[in-house]
$ cat upload_3.cif   # mmCIF, C-alpha atoms
data_input
loop_
_atom_site.label_atom_id
_atom_site.label_comp_id
_atom_site.auth_asym_id
_atom_site.auth_seq_id
_atom_site.Cartn_x
_atom_site.Cartn_y
_atom_site.Cartn_z
CA MET K 1 84.99 82.88 124.44
CA THR K 2 84.30 85.04 127.51
CA PRO K 3 80.71 85.58 128.79
CA GLU K 4 80.54 89.16 127.42
CA GLU K 5 81.64 88.15 123.89
CA PRO K 6 78.84 87.68 121.36
CA PRO K 7 78.66 84.27 119.68
CA ARG K 8 80.97 83.83 116.70
CA TYR K 9 79.10 84.32 113.43
CA ILE K 10 80.61 84.06 109.97
CA PRO K 11 78.75 86.25 107.45
CA ASP K 12 77.74 84.59 104.19
CA ASP K 13 77.36 86.14 100.72
CA LEU K 14 73.94 87.68 101.47
CA ASP K 15 75.23 89.22 104.70
CA ARG K 16 78.21 90.70 102.84
CA ARG K 17 75.87 92.11 100.16
CA ILE K 18 73.65 93.70 102.85
CA ILE K 19 76.70 95.25 104.50
CA ALA K 20 77.99 96.53 101.15
CA HIS K 21 74.67 98.27 100.44
CA LEU K 22 74.58 99.74 103.95
CA ARG K 23 78.07 101.16 103.45
CA ILE K 24 76.71 103.07 100.47
CA ASP K 25 73.39 104.02 102.09
CA GLY K 26 73.23 103.42 105.83
CA ARG K 27 69.65 104.72 105.86
CA ALA K 28 68.32 102.30 103.24
CA SER K 29 64.91 100.94 104.23
CA LEU K 30 64.26 97.23 104.61
CA SER K 31 62.04 97.43 101.52
CA LYS K 32 64.77 99.03 99.44
CA LEU K 33 67.36 96.48 100.60
CA SER K 34 64.96 93.64 99.89
CA ASP K 35 64.30 94.94 96.35
CA VAL K 36 67.98 95.50 95.55
CA LEU K 37 69.04 92.12 96.94
CA GLY K 38 66.10 90.15 95.55
CA VAL K 39 65.08 88.62 98.89
CA ALA K 40 62.06 88.98 101.19
CA ARG K 41 61.85 91.95 103.56
CA GLY K 42 61.66 89.52 106.50
CA THR K 43 64.90 87.88 105.37
CA VAL K 44 66.68 91.26 105.39
CA GLN K 45 65.25 92.03 108.86
CA ASN K 46 66.35 88.65 110.24
CA ARG K 47 69.83 89.05 108.76
CA LEU K 48 70.21 92.59 110.15
CA ASP K 49 69.05 91.41 113.58
CA ARG K 50 71.62 88.59 113.50
CA LEU K 51 74.41 90.88 112.27
CA MET K 52 73.67 93.29 115.11
CA SER K 53 73.24 90.66 117.85
CA THR K 54 76.49 88.89 116.95
CA GLY K 55 78.44 92.16 116.87
CA THR K 56 79.28 91.73 113.19
CA LEU K 57 77.45 94.98 112.44
CA LEU K 58 78.14 97.53 115.17
CA GLY K 59 75.82 100.30 114.03
CA PHE K 60 74.96 102.78 111.36
CA THR K 61 76.76 106.04 110.71
CA VAL K 62 76.86 109.14 108.56
CA ARG K 63 79.44 109.45 105.81
CA VAL K 64 80.53 112.99 105.07
CA ARG K 65 82.06 114.22 101.82
CA GLU K 66 85.84 114.56 102.25
CA ALA K 67 85.78 118.30 101.53
CA PHE K 68 82.76 118.91 103.81
CA ASP K 69 84.88 120.83 106.29
CA ALA K 70 87.92 122.25 104.51
CA GLN K 71 89.35 123.51 107.80
CA THR K 72 89.65 120.03 109.32
CA VAL K 73 93.26 119.03 109.86
CA GLN K 74 93.97 115.35 109.21
CA ALA K 75 97.17 113.46 109.86
CA VAL K 76 98.70 110.04 110.25
CA MET K 77 100.62 109.60 113.49
CA MET K 78 103.07 106.76 114.04
CA ILE K 79 103.53 105.95 117.71
CA GLU K 80 106.27 103.98 119.47
CA VAL K 81 105.35 102.41 122.80
CA VAL K 82 107.71 101.54 125.65
CA GLY K 83 107.83 97.93 126.83
CA LYS K 84 104.53 96.22 127.46
CA SER K 85 102.39 99.32 127.89
CA THR K 86 100.59 99.04 124.54
CA SER K 87 97.18 98.17 126.06
CA GLN K 88 97.37 101.11 128.46
CA VAL K 89 98.40 103.49 125.65
CA ILE K 90 95.58 102.23 123.41
CA ARG K 91 93.02 102.86 126.19
CA LYS K 92 94.25 106.44 126.58
CA LEU K 93 94.32 107.09 122.83
CA ARG K 94 90.77 105.78 122.42
CA GLY K 95 89.71 108.43 124.92
CA LEU K 96 90.77 111.21 122.54
CA PRO K 97 87.87 112.05 120.21
CA GLU K 98 90.28 113.38 117.59
CA ILE K 99 91.76 109.90 117.10
CA HIS K 100 89.54 108.76 114.24
CA THR K 101 91.06 105.29 113.81
CA LEU K 102 93.81 103.42 115.60
CA HIS K 103 95.77 100.41 114.33
CA THR K 104 98.50 98.16 115.65
CA THR K 105 101.30 97.61 113.17
CA ASN K 106 104.71 96.03 112.77
CA GLY K 107 108.12 97.50 112.10
CA ASN K 108 109.61 100.48 113.92
CA TRP K 109 106.23 101.82 115.06
CA ASP K 110 103.74 100.08 117.34
CA LEU K 111 100.59 102.05 116.54
CA VAL K 112 99.26 104.16 113.69
CA ALA K 113 96.54 106.74 114.39
CA HIS K 114 94.43 108.72 111.95
CA VAL K 115 93.95 112.11 113.60
CA ARG K 116 91.20 114.59 112.72
CA ALA K 117 91.16 117.97 114.43
CA ALA K 118 89.00 121.05 113.87
CA ASN K 119 91.97 123.35 113.27
CA LEU K 120 95.73 123.64 113.74
CA GLY K 121 95.40 124.76 117.35
CA GLU K 122 93.36 121.67 118.24
CA PHE K 123 95.76 119.52 116.24
CA ASP K 124 98.71 120.91 118.23
CA ARG K 125 96.88 120.16 121.49
CA VAL K 126 96.23 116.55 120.40
CA LEU K 127 99.91 116.05 119.52
CA ARG K 128 100.93 117.31 122.97
CA GLU K 129 98.35 115.08 124.69
CA VAL K 130 99.50 111.97 122.82
CA ARG K 131 103.16 112.67 123.60
CA MET K 132 102.31 113.08 127.32
CA ILE K 133 100.70 109.63 127.61
CA ASP K 134 102.75 107.33 129.85
CA GLY K 135 104.25 104.63 127.65
CA VAL K 136 104.54 106.72 124.48
CA SER K 137 108.26 106.98 123.78
CA ASN K 138 108.26 108.52 120.29
CA SER K 139 105.94 109.65 117.54
CA GLU K 140 106.12 110.91 113.98
CA THR K 141 103.22 112.72 112.36
CA SER K 142 102.48 113.53 108.73
CA LEU K 143 99.72 115.93 107.76
CA LEU K 144 97.37 114.71 105.04
CA LEU K 145 97.21 117.49 102.45
CA THR K 146 95.18 116.45 99.41
CA SER K 147 93.30 113.24 98.64
CA VAL K 148 94.17 111.97 95.18
#
$ encode --input "upload_3.cif" --output "C-alpha cells"
Amino acid sequence: MTPEEPPRYIPDDLDRRIIAHLRIDGRASLSKLSDVLGVARGTVQNRLDRLMSTGTLLGFTVRVREAFDAQTVQAVMMIEVVGKSTSQVIRKLRGLPEIHTLHTTNGNWDLVAHVRAANLGEFDRVLREVRMIDGVSNSETSLLLTSV
C-alpha cells in the first residue's frame, strides 16, 4: 500500500445495504436511512464516515432518467492500443468529459468506453479526438439506439 492509498476496508452487510439505498436515493437523510435499515442514526453516520474515509464510497451523484435528454448521443467504443501505451491512453481518455465510463477488457480490444455527447457534431469531434491519441491504433464504435 502506498502512502496516498486509503486503508483497505471490506464492507459488511450493513455497509452494502447503506450503499444500495444510496444508489436509489443519494439524498436520503441519515434519519431516513436509519429508519429503513433499523439501526441508530449515529451508526449510519459512523458507517458513512468510514465508507468515505476509506474510499469505498467516493461521493454522491444525481441519476437522470435515460430519456431526460433525447438528443444525447451514446455509444460504445472499442479501442485497440499499441504496445505498452495503455496507461498513457487511459490518462488521455479520462481527460475527455464525453467518456462516461472506461474499462479495460480482454480479447481483440484493449479498452471499452461508454461515450455520451450532446449531439452528432460533438460525437464526431470525440471520435476524432480519440483516434488522434498517441497509442490508439484502432477503434470500432457502435451507437446505442434504444434501451430495452
$ closest_residue --input "upload_3.cif" --among "K:Gln45, K:Ser53, K:Thr104, K:Thr141" --to "Ser29 in chain K" --atoms "only C-alpha atoms"
K:Gln45
$ resolve_selection --input "upload_3.cif" --expression "the PyMOL selection byres ((chain K and resi 116) around 9)" --output "list in words"
Thr72, Val73, Gln74, Ala75, Pro97, Glu98, Ile99, His100, His114, Val115, Ala117, Ala118, Asn119 and Phe123 of chain K
$ closest_residue --input "upload_3.cif" --among "K:Leu102, K:Val136, K:Val39, K:Met77" --to "Leu14 in chain K" --atoms "all atoms listed in the file"
K:Val39
$ closest_residue --input "upload_3.cif" --among "K:Leu111, K:Leu143, K:Leu58, K:Ser137" --to "Asp124 in chain K" --atoms "only C-alpha atoms"
K:Leu143
$ residues_around --input "upload_3.cif" --residues "Thr86 in chain K" --least-positions-apart "5" --cutoff "12 Å" --atoms "all atoms listed in the file" --output "PyMOL selection string"
chain K and resi 79-81+91-93+103-105+109-111+133-137
$ closest_residue --input "upload_3.cif" --among "K:Thr101, K:Gln88, K:Thr54, K:Ser142" --to "Val76 in chain K" --atoms "all atoms listed in the file"
K:Ser142
$ residues_around --input "upload_3.cif" --residues "Ile18 in chain K" --least-positions-apart "5" --cutoff "8 Å" --atoms "all atoms listed in the file" --output "PyMOL selection string"
chain K and resi 33+37+44
$ write_last_selection --input "upload_3.cif" --atoms "C-alpha atoms" --output "PDB file, in the coordinates of the input"
ATOM      1  CA  LEU K  33      67.360  96.480 100.600  1.00  0.00           C
ATOM      2  CA  LEU K  37      69.040  92.120  96.940  1.00  0.00           C
ATOM      3  CA  VAL K  44      66.680  91.260 105.390  1.00  0.00           C
TER       4      VAL K  44
END
$ atom_distance --input "upload_3.cif" --atom1 "CA of Thr56 in chain K" --atom2 "CA of Tyr9 in chain K"
7.4 Å
$ closest_residue --input "upload_3.cif" --among "K:Arg131, K:Leu120, K:Ile10, K:Val126" --to "Arg50 in chain K" --atoms "all atoms listed in the file"
K:Ile10
$ atom_distance --input "upload_3.cif" --atom1 "CA of Ala113 in chain K" --atom2 "CA of Met132 in chain K"
15.5 Å
$ closest_residue --input "upload_3.cif" --among "K:Val36, K:Ile24, K:Met52, K:Val130" --to "Ile90 in chain K" --atoms "all atoms listed in the file"
K:Val130
$ atom_distance --input "upload_3.cif" --atom1 "CA of Ser139 in chain K" --atom2 "CA of Ser87 in chain K"
16.8 Å
